[in-house]
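So this one's input02.txt, compact mmCIF, C-alpha atoms:
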# COMPACT_ATOMS: atom_id res chain seq x y z
CA MET A 20 113.68 92.77 121.41
CA GLU A 21 117.18 93.59 122.65
CA PHE A 22 118.41 97.13 123.35
CA ILE A 23 121.85 98.54 124.00
CA GLU A 24 121.93 102.00 125.55
CA ARG A 25 124.99 104.12 126.09
CA PRO A 26 125.65 107.79 126.89
CA ALA A 27 127.58 109.93 124.43
CA GLY A 28 128.12 113.38 125.94
CA LYS A 29 125.07 115.50 125.23
CA ALA A 30 123.26 112.52 123.72
CA VAL A 31 122.17 109.01 124.55
CA ILE A 32 122.47 106.30 121.91
CA LEU A 33 119.81 103.60 121.91
CA ALA A 34 120.41 100.62 119.63
CA PRO A 35 117.47 98.23 119.22
CA ALA A 36 118.12 94.88 117.56
CA GLY A 37 115.81 92.74 115.45
CA ARG A 38 112.47 93.36 113.76
CA ILE A 39 110.17 96.16 114.87
CA ASP A 40 106.66 95.02 113.99
CA MET A 41 103.29 94.42 115.63
CA ALA A 42 104.84 91.84 117.96
CA THR A 43 107.58 94.13 119.27
CA SER A 44 106.28 97.66 118.73
CA ASP A 45 104.84 98.03 122.25
CA GLN A 46 108.19 97.16 123.79
CA PHE A 47 109.93 99.54 121.37
CA ARG A 48 107.42 102.29 122.19
CA ASP A 49 107.84 101.99 125.94
CA ARG A 50 111.62 102.10 125.73
CA VAL A 51 111.87 104.94 123.21
CA LEU A 52 109.24 107.24 124.69
CA ALA A 53 110.67 106.83 128.19
CA LEU A 54 114.14 107.66 126.90
CA VAL A 55 112.89 110.72 124.98
CA ASP A 56 111.24 111.95 128.19
CA THR A 57 114.36 111.41 130.31
CA CYS A 58 116.74 112.89 127.75
CA THR A 59 114.59 115.94 127.05
CA LYS A 60 114.54 116.78 130.76
CA ALA A 61 118.32 116.31 130.88
CA GLN A 62 118.77 118.38 127.69
CA GLN A 63 120.25 115.41 125.89
CA ALA A 64 119.46 114.29 122.36
CA VAL A 65 118.35 110.76 121.51
CA VAL A 66 120.20 108.96 118.73
CA LEU A 67 118.50 105.77 117.60
CA ASP A 68 121.17 103.50 116.17
CA PHE A 69 119.29 101.28 113.71
CA SER A 70 122.29 99.31 112.48
CA ALA A 71 120.85 96.09 113.97
CA VAL A 72 117.25 96.67 112.87
CA GLY A 73 116.43 94.48 109.88
CA TYR A 74 112.79 95.48 109.39
CA ILE A 75 110.30 98.06 110.61
CA SER A 76 106.55 97.88 109.99
CA SER A 77 103.92 100.60 110.14
CA ALA A 78 103.45 99.83 113.84
CA GLY A 79 107.13 100.59 114.47
CA LEU A 80 107.01 103.73 112.36
CA ARG A 81 104.04 104.92 114.39
CA VAL A 82 106.23 104.74 117.51
CA LEU A 83 108.78 106.97 115.79
CA MET A 84 106.01 109.43 114.91
CA LEU A 85 104.99 109.50 118.59
CA ALA A 86 108.62 110.02 119.61
CA ALA A 87 109.06 112.85 117.10
CA LYS A 88 105.88 114.56 118.31
CA GLN A 89 106.85 114.12 121.97
CA ALA A 90 110.30 115.55 121.36
CA ARG A 91 108.99 118.42 119.25
CA GLY A 92 106.44 119.35 121.89
CA SER A 93 108.96 119.48 124.72
CA GLY A 94 112.04 120.89 123.05
CA GLY A 95 113.82 117.54 122.68
CA THR A 96 115.69 115.97 119.78
CA VAL A 97 115.45 112.52 118.23
CA VAL A 98 117.45 111.42 115.20
CA LEU A 99 118.18 108.12 113.50
CA ALA A 100 121.47 106.67 112.41
CA ALA A 101 122.94 103.77 110.43
CA LEU A 102 119.76 102.46 108.82
CA GLN A 103 120.23 99.25 106.85
CA PRO A 104 119.48 99.75 103.13
CA VAL A 105 116.13 97.94 103.28
CA VAL A 106 115.01 99.90 106.33
CA LEU A 107 116.12 103.16 104.71
CA GLU A 108 113.98 102.28 101.68
CA ILE A 109 110.98 101.67 103.95
CA PHE A 110 111.57 105.11 105.48
CA GLN A 111 111.75 106.73 102.06
CA ILE A 112 108.65 105.00 100.68
CA SER A 113 106.60 105.80 103.79
CA ARG A 114 108.03 109.38 103.75
CA PHE A 115 109.35 108.92 107.29
CA ASP A 116 112.68 110.28 106.10
CA LYS A 117 110.81 113.62 106.11
CA VAL A 118 109.67 113.11 109.71
CA LEU A 119 113.00 112.27 111.34
CA ALA A 120 116.56 113.01 110.24
CA CYS A 121 118.31 109.84 109.06
CA HIS A 122 122.09 110.01 109.29
CA PRO A 123 124.41 107.53 107.61
CA GLY A 124 126.27 106.66 110.83
CA VAL A 125 126.21 107.27 114.56
CA SER A 126 129.13 109.69 114.45
CA GLU A 127 127.35 111.81 111.86
CA ALA A 128 124.21 111.77 113.98
CA LEU A 129 126.13 112.84 117.09
CA ALA A 130 127.77 115.65 115.15
CA ALA A 131 124.40 116.79 113.84
CA VAL A 132 122.91 117.05 117.35
CA GLY A 133 125.99 118.80 118.73
CA ALA A 134 127.22 115.83 120.72
CA GLY A 135 130.05 114.73 118.47
CA GLY A 136 133.79 114.57 119.04
CA MET B 14 84.82 87.46 87.22
CA GLN B 15 86.07 90.78 85.88
CA VAL B 16 86.56 94.09 87.64
CA ARG B 17 86.31 97.32 85.69
CA PHE B 18 87.36 100.66 87.12
CA TRP B 19 85.29 103.65 85.98
CA GLY B 20 86.46 106.16 88.60
CA THR B 21 89.57 105.86 90.76
CA ARG B 22 90.22 109.37 92.08
CA GLY B 23 89.40 110.34 95.66
CA SER B 24 87.56 113.27 97.20
CA ILE B 25 86.85 115.20 93.99
CA PRO B 26 87.21 114.57 90.25
CA ALA B 27 90.51 115.81 88.85
CA ALA B 28 90.70 116.47 85.13
CA LEU B 29 93.85 116.31 83.05
CA THR B 30 94.63 119.90 82.04
CA ALA B 31 95.75 121.19 78.64
CA HIS B 32 99.15 121.95 80.15
CA MET B 33 99.53 118.38 81.47
CA LEU B 34 98.53 116.92 78.10
CA ARG B 35 101.02 119.16 76.29
CA ASP B 36 103.81 117.98 78.62
CA LYS B 37 102.98 114.36 77.76
CA LEU B 38 103.09 115.18 74.05
CA VAL B 39 106.43 116.95 74.38
CA HIS B 40 107.95 113.94 76.17
CA ALA B 41 106.51 111.53 73.61
CA LEU B 42 107.71 113.57 70.62
CA VAL B 43 111.22 113.85 72.02
CA ALA B 44 111.27 110.09 72.66
CA ALA B 45 110.07 109.50 69.10
CA ALA B 46 112.93 111.45 67.51
CA GLY B 47 114.55 109.38 64.80
CA GLN B 48 111.73 106.83 64.70
CA HIS B 49 109.80 106.32 61.47
CA LEU B 50 106.27 106.37 62.84
CA ASP B 51 104.48 106.75 59.54
CA THR B 52 101.50 104.47 60.26
CA PRO B 53 99.01 104.33 63.16
CA GLU B 54 100.21 100.79 63.89
CA LYS B 55 103.85 101.83 64.23
CA ALA B 56 102.88 104.86 66.32
CA GLY B 57 100.66 102.71 68.53
CA ALA B 58 103.39 100.14 69.07
CA PHE B 59 105.82 102.93 69.95
CA ALA B 60 103.30 104.50 72.36
CA ASP B 61 103.09 101.16 74.16
CA THR B 62 106.81 101.39 74.94
CA LEU B 63 106.49 104.76 76.67
CA PRO B 64 106.21 105.07 80.48
CA PHE B 65 102.59 104.93 81.70
CA PRO B 66 102.40 108.64 82.76
CA ILE B 67 103.47 109.68 79.24
CA SER B 68 101.23 107.36 77.20
CA HIS B 69 98.25 107.26 79.59
CA THR B 70 96.54 109.04 82.44
CA PHE B 71 95.22 107.52 85.64
CA GLY B 72 92.08 109.51 85.02
CA GLY B 73 90.09 111.81 87.18
CA ASN B 74 86.65 110.38 87.87
CA SER B 75 85.67 109.79 91.48
CA PRO B 76 84.94 106.23 92.71
CA CYS B 77 82.90 103.80 90.65
CA VAL B 78 83.90 100.17 90.09
CA GLU B 79 82.00 97.45 88.24
CA LEU B 80 81.97 93.70 88.86
CA LEU B 81 81.17 91.60 85.81
CA ALA B 82 80.49 87.87 85.72
CA ASP B 83 78.86 85.54 83.24
CA GLY B 84 75.21 85.11 84.07
CA ALA B 85 75.19 87.78 86.76
CA PRO B 86 73.50 91.18 86.59
CA ARG B 87 75.56 94.34 86.68
CA VAL B 88 77.11 95.22 90.05
CA LEU B 89 78.49 98.69 90.67
CA LEU B 90 80.43 99.89 93.69
CA ASP B 91 79.80 103.53 94.54
CA MET B 92 78.31 106.24 92.36
CA GLY B 93 81.16 108.71 91.97
CA SER B 94 81.54 110.61 88.72
CA GLY B 95 82.74 107.37 87.08
CA ALA B 96 79.10 106.25 87.16
CA ARG B 97 78.39 108.45 84.13
CA PRO B 98 80.56 106.48 81.65
CA ALA B 99 79.59 103.23 83.42
CA GLY B 100 75.92 103.94 82.74
CA LEU B 101 76.53 104.86 79.11
CA GLU B 102 78.52 101.68 78.46
CA ALA B 103 75.81 99.56 80.12
CA LEU B 104 73.18 101.12 77.86
CA ARG B 105 75.34 100.49 74.80
CA GLN B 106 75.68 96.82 75.75
CA LEU B 107 71.99 96.46 76.63
CA ALA B 108 71.05 97.86 73.20
CA GLY B 109 67.55 98.83 74.24
CA LYS B 110 66.83 95.85 76.49
CA PRO B 111 65.90 96.49 80.15
CA GLY B 112 68.83 96.29 82.56
CA GLU B 113 69.20 95.15 86.18
CA PHE B 114 71.70 97.11 88.27
CA HIS B 115 72.86 96.37 91.82
CA ILE B 116 74.75 99.25 93.42
CA PHE B 117 76.69 98.96 96.69
CA MET B 118 77.56 102.16 98.50
CA SER B 119 80.64 102.51 100.71
CA HIS B 120 79.24 105.73 102.16
CA LEU B 121 77.36 108.85 101.23
CA HIS B 122 80.02 111.51 100.89
CA TRP B 123 79.59 113.59 97.79
CA ASP B 124 82.47 112.13 95.77
CA HIS B 125 80.74 108.74 96.07
CA ILE B 126 77.21 109.79 95.09
CA MET B 127 77.79 112.68 92.68
CA GLY B 128 77.62 110.48 89.56
CA PHE B 129 74.12 109.18 90.16
CA PRO B 130 72.27 112.20 88.64
CA PHE B 131 74.29 111.46 85.46
CA PHE B 132 73.73 107.69 85.54
CA THR B 133 71.52 107.56 82.46
CA PRO B 134 69.82 104.19 83.15
CA ALA B 135 68.11 105.85 86.14
CA TYR B 136 66.12 108.04 83.73
CA ILE B 137 64.82 105.25 81.51
CA PRO B 138 61.64 103.29 82.35
CA GLY B 139 62.17 99.55 82.31
CA HIS B 140 65.50 99.51 84.10
CA SER B 141 65.71 98.16 87.65
CA ILE B 142 68.16 99.69 90.12
CA ARG B 143 68.69 98.42 93.67
CA ILE B 144 70.95 100.54 95.84
CA TYR B 145 72.45 98.79 98.88
CA GLY B 146 74.16 100.36 101.87
CA CYS B 147 74.52 100.28 105.62
CA HIS B 148 73.77 103.95 106.33
CA ALA B 149 70.31 104.80 107.62
CA GLU B 150 70.38 107.97 105.46
CA LEU B 151 71.02 106.03 102.23
CA GLU B 152 67.83 107.02 100.39
CA HIS B 153 67.78 110.53 101.83
CA ALA B 154 71.29 111.25 100.51
CA PHE B 155 70.34 110.27 96.96
CA ARG B 156 67.09 112.21 97.01
CA ARG B 157 68.64 115.29 98.60
CA GLN B 158 71.35 115.78 95.97
CA GLN B 159 68.69 115.94 93.25
CA ALA B 160 66.44 118.34 95.16
CA PRO B 161 66.37 122.08 94.42
CA PRO B 162 68.52 124.12 94.40
CA SER B 163 71.23 121.51 93.79
CA PHE B 164 69.93 119.80 90.64
CA PRO B 165 67.26 120.49 88.02
CA VAL B 166 65.73 117.00 87.86
CA ASP B 167 64.08 115.81 91.05
CA PHE B 168 64.64 112.19 92.10
CA SER B 169 60.90 111.55 91.86
CA ARG B 170 61.07 112.14 88.09
CA LEU B 171 63.52 109.30 87.45
CA GLY B 172 61.99 106.68 85.17
CA ALA B 173 63.71 103.52 86.36
CA ARG B 174 62.38 101.36 89.18
CA ILE B 175 64.70 102.32 92.05
CA GLU B 176 64.80 100.59 95.44
CA PHE B 177 66.98 101.14 98.47
CA VAL B 178 68.09 98.17 100.56
CA GLN B 179 69.55 98.50 104.04
CA LEU B 180 72.31 96.00 104.85
CA GLU B 181 73.75 94.98 108.19
CA PRO B 182 77.53 94.90 108.48
CA GLY B 183 78.93 91.48 109.41
CA ARG B 184 76.00 89.58 107.90
CA ALA B 185 76.37 87.50 104.74
CA TYR B 186 73.88 88.08 101.91
CA GLU B 187 73.30 86.40 98.57
CA ILE B 188 72.78 89.27 96.13
CA ALA B 189 73.00 89.29 92.33
CA GLY B 190 74.85 85.98 92.33
CA TYR B 191 77.47 87.09 94.85
CA ARG B 192 77.95 86.29 98.52
CA VAL B 193 78.30 89.77 100.00
CA MET B 194 79.39 90.95 103.42
CA ALA B 195 79.86 94.56 104.59
CA LYS B 196 82.31 95.76 107.23
CA LEU B 197 82.32 98.97 109.22
CA GLN B 198 85.36 101.17 108.53
CA ALA B 199 86.81 104.25 110.23
CA HIS B 200 85.77 107.34 108.27
CA SER B 201 83.89 110.52 109.09
CA GLY B 202 80.23 109.47 109.29
CA ASP B 203 81.33 105.81 108.89
CA SER B 204 82.06 103.92 105.70
CA TYR B 205 81.66 100.25 104.82
CA GLY B 206 83.93 97.89 102.96
CA TYR B 207 82.51 94.94 101.01
CA ARG B 208 83.66 91.39 100.45
CA PHE B 209 82.25 89.81 97.27
CA GLU B 210 82.61 86.07 96.63
CA ARG B 211 81.55 84.21 93.51
CA GLY B 212 82.78 81.04 91.78
CA GLY B 213 85.72 80.64 94.14
CA LYS B 214 86.95 84.20 93.61
CA THR B 215 86.91 87.02 96.14
CA VAL B 216 87.03 90.79 95.63
CA ILE B 217 87.37 93.27 98.49
CA TYR B 218 86.26 96.87 98.05
CA SER B 219 87.72 98.87 100.94
CA THR B 220 87.85 102.58 100.27
CA ASP B 221 87.64 105.62 102.53
CA SER B 222 88.98 103.65 105.45
CA GLU B 223 91.50 104.81 108.03
CA HIS B 224 93.54 102.23 109.89
CA LYS B 225 94.57 103.05 113.42
CA LEU B 226 97.88 101.30 113.96
CA GLU B 227 97.47 101.23 117.72
CA ASP B 228 94.16 99.36 117.42
CA ILE B 229 95.29 95.76 117.11
CA ALA B 230 91.72 94.41 117.23
CA GLN B 231 90.80 96.61 114.26
CA THR B 232 93.86 95.46 112.33
CA ASP B 233 93.06 91.81 113.05
CA SER B 234 89.48 92.29 111.88
CA PHE B 235 90.70 93.64 108.52
CA ILE B 236 93.19 90.80 108.14
CA ASP B 237 90.25 88.44 108.59
CA PHE B 238 88.03 90.45 106.20
CA PHE B 239 90.73 90.48 103.48
CA HIS B 240 91.70 86.83 104.05
CA ALA B 241 92.91 85.06 100.88
CA ALA B 242 91.18 87.60 98.64
CA ASP B 243 92.04 87.51 94.94
CA LEU B 244 91.78 91.29 94.70
CA VAL B 245 91.82 94.04 97.34
CA ILE B 246 90.76 97.50 96.14
CA PHE B 247 92.32 99.69 98.80
CA ASP B 248 92.28 103.35 99.81
CA ALA B 249 95.94 104.32 99.39
CA MET B 250 95.45 108.07 99.24
CA TYR B 251 98.37 109.17 101.43
CA SER B 252 101.86 108.21 102.47
CA LEU B 253 101.99 106.49 105.86
CA ALA B 254 103.74 109.51 107.39
CA ASP B 255 100.94 111.85 106.27
CA ALA B 256 98.17 109.40 107.20
CA ILE B 257 99.27 109.24 110.83
CA SER B 258 100.35 112.86 111.30
CA VAL B 259 99.02 115.91 109.46
CA LYS B 260 96.17 113.91 107.89
CA GLU B 261 95.32 111.79 110.92
CA ASP B 262 91.56 111.39 111.32
CA TRP B 263 90.95 112.45 107.71
CA GLY B 264 89.60 108.95 107.14
CA HIS B 265 92.06 107.54 104.62
CA SER B 266 94.91 105.10 104.47
CA SER B 267 98.28 104.55 102.82
CA ASN B 268 100.04 102.32 100.33
CA MET B 269 102.17 100.85 103.12
CA MET B 270 99.11 99.85 105.15
CA GLY B 271 97.67 98.20 102.05
CA VAL B 272 100.81 96.13 101.51
CA GLU B 273 101.00 95.05 105.16
CA LEU B 274 97.34 94.08 105.41
CA CYS B 275 97.44 92.11 102.15
CA GLN B 276 100.61 90.32 103.24
CA LEU B 277 99.11 89.42 106.61
CA ALA B 278 95.80 88.40 105.00
CA GLN B 279 97.56 86.42 102.25
CA ALA B 280 95.64 88.35 99.63
CA LYS B 281 96.90 87.95 96.07
CA HIS B 282 96.54 91.34 94.44
CA LEU B 283 96.49 94.85 95.92
CA VAL B 284 94.96 97.64 93.84
CA LEU B 285 95.86 101.17 94.94
CA PHE B 286 92.67 103.24 94.77
CA HIS B 287 91.15 106.61 95.73
CA HIS B 288 94.13 108.53 94.37
CA GLU B 289 94.89 111.91 95.89
CA PRO B 290 93.40 114.56 93.52
CA ALA B 291 96.46 116.77 93.96
CA TYR B 292 98.71 114.07 92.45
CA ASP B 293 99.60 114.20 88.77
CA ASP B 294 100.15 111.04 86.73
CA ALA B 295 103.89 110.98 87.37
CA THR B 296 103.34 111.14 91.13
CA ILE B 297 100.76 108.33 91.14
CA GLU B 298 103.09 106.21 89.01
CA ARG B 299 105.96 106.85 91.43
CA VAL B 300 103.79 105.79 94.38
CA TRP B 301 102.83 102.65 92.41
CA ARG B 302 106.49 101.72 91.70
CA GLU B 303 107.49 102.44 95.29
CA THR B 304 104.66 100.27 96.55
CA GLN B 305 105.77 97.42 94.31
CA ARG B 306 109.27 97.84 95.70
CA LEU B 307 107.97 97.93 99.28
CA GLU B 308 106.12 94.66 98.70
CA GLU B 309 109.28 93.14 97.23
CA ILE B 310 111.62 94.09 100.08
CA THR B 311 109.15 93.13 102.82
CA ARG B 312 107.81 89.97 101.17
CA GLY B 313 107.57 86.83 103.26
CA GLU B 314 106.37 83.55 101.80
CA HIS B 315 103.38 85.15 100.18
CA PRO B 316 103.85 87.55 97.23
CA VAL B 317 101.27 90.28 96.60
CA GLN B 318 100.85 91.76 93.13
CA VAL B 319 100.49 95.56 93.25
CA THR B 320 98.59 97.61 90.68
CA ALA B 321 97.56 101.26 90.62
CA ALA B 322 93.97 101.59 89.47
CA TYR B 323 93.16 103.91 86.59
CA ASP B 324 89.92 104.88 84.91
CA GLY B 325 89.39 102.19 82.26
CA LEU B 326 91.47 99.46 83.94
CA GLN B 327 89.89 96.03 83.58
CA LEU B 328 91.18 93.05 85.56
CA ALA B 329 90.19 89.42 85.08
CA LEU B 330 90.19 87.08 88.06
If you convert what's in this file into structure tokens, what do you get?
Amino acid sequence: MEFIERPAGKAVILAPAGRIDMATSDQFRDRVLALVDTCTKAQQAVVLDFSAVGYISSAGLRVLMLAAKQARGSGGTVVLAALQPVVLEIFQISRFDKVLACHPGVSEALAAVGAGG
Amino acid sequence: MQVRFWGTRGSIPAALTAHMLRDKLVHALVAAAGQHLDTPEKAGAFADTLPFPISHTFGGNSPCVELLADGAPRVLLDMGSGARPAGLEALRQLAGKPGEFHIFMSHLHWDHIMGFPFFTPAYIPGHSIRIYGCHAELEHAFRRQQAPPSFPVDFSRLGARIEFVQLEPGRAYEIAGYRVMAKLQAHSGDSYGYRFERGGKTVIYSTDSEHKLEDIAQTDSFIDFFHAADLVIFDAMYSLADAISVKEDWGHSSNMMGVELCQLAQAKHLVLFHHEPAYDDATIERVWRETQRLEEITRGEHPVQVTAAYDGLQLAL
């Protein structure tokens, strides 16, 4: 699984690419949880840019639950942005759209976490 | 083989209320405006065009499922409150002849045993009832719920010949014309799923089972257990988000987990089961449609039919 990471003021944008399933969820978990830890200590929000994610399974969603819990427990922030229509449907059906904020684009996500403009 | 669902609700029976029934009638009457439904046939045909939550109910009995096959004795899965109508229908069909019943228990929580004191064949001499399970407390649980002060008729006064048979999970048995194997599942006090094979058809009964997504070995073992099944009756009580957060360790699973496991196992038909008692018919129907959509958008080479079980549903394999 490929990742592109870039700073954006008071946030860090992490963009995974590909499918997040049983085969890749461990790699996704390690990268996301480490970033949430680093960013929370630095008082930065994490924006997960999902524009290049074509599929997420329950194993991938579990990682997002762990990230949400970790952030919530330590005063951090994690949001999602630019979900492809199919992935957004998976979030809605699994009710994960109630667990993490899903913004239509990265700029909207940055604005929502106070790191825009 | 046929599968008949007598009770599909989880945790506790949930009756349709007068208010809920009135709402259905109001919706149906509004939809019927301008129609000339002046015969039962016309009204029936019109009712069949209405959405399921308006024309039907998913029902409220707790788990009881029946397997039927030509030449095989009756097989029942769990003794929830659905066992009461199951017993009455069996007696109607037997028409006074002695019956042979084989009952497989997923576990001994109350919603899965509460129907047995109302399972009429148990009271009638001449009937034979064998109750199978993997819990050491199998017989004790049945006797205890009919002991004072919980019930007026003690177990010892039941007229049928009743035997309890301990099974070992992971071992194949030939019982009542089926090849049967039990599998340990994650649930408070343990539960067991069953794989039934007969005449080239396979039915999985897997209720009250929590799936830990981080446990890859557990997931693989269920993919193997469900492999190429014609029907998977699956505990889909919660959404995935609830099942792994606020309801983690409550011992139940989700519609999404059911779809994924059936896809990976190349099972043919997923039946959503053990419906949340707090859900009304419209909510269960929405979960059903969403699950069908989830299967559609995540489908690989192997399609999985998705059905929501309801009390009275009968499926032919």
Please report as JSON, numbers by chain which residues of chain A come no farther than 6 Å from chain B, using all atoms listed in the file.
{"A": [78, 113, 114, 115]}
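Between B:Leu180 and the candidates B:Thr62, B:Gln276, B:Ser119, B:Asn74, the tightest atom-to-atom separation, counting all atoms listed in the file, involves B:Ser119.
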Where is the centre and how long are the edges: axis-aligned box on stretch 105-112 of chain B, 3 Å on each side, Å to one decimal, as lines of an AutoDock Vina configuration file:
center_x = 70.8
center_y = 98.2
center_z = 77.9
size_x = 15.8
size_y = 10.6
size_z = 15.4
For A:Gly124, list every protein, DNA or RNA residue within 9 Å, evaluated using all atoms listed in the file, and leave out those in the same chain fewer than 5 positions away; present the list as JSON, numbers by chain.
{"A": [68, 70, 99, 100, 101, 102, 129]}
Using all atoms listed in the file, which protein or nucleic acid residues come within 6 Å of B:His265? Drop anything in the same chain fewer than 3 positions from it, and give the result as a VMD selection string.
chain B and resid 221 to 223
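Compared by their closest atoms to B:Trp263, and using only C-alpha atoms, the residues B:Tyr323, B:Ser201, B:Ala295, B:Pro130 rank with B:Ser201 nearest.
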Please provide the set of residues having any atom within 8 Å of stretch 81-86 of chain A, restricted to only C-alpha atoms, with same-chain residues fewer than 2 positions apart removed, written as a PyMOL selection string.
(chain A and resi 44+47-48+51-52+55+77-79+88-90+97+118) or (chain B and resi 226+254+257-258)
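Counting from atom CA of B:Ser94, the distance to atom CA of B:Ile188 is 24.2 Å.
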What's the 9 Å shell around A:Cys58, counting all atoms listed in the file, without same-chain residues fewer than 4 positions away, as a list in words?
Ala30, Val31, Ala53, Leu54, Gln62, Gln63, Ala64, Val65, Gly95 and Thr96 of chain A
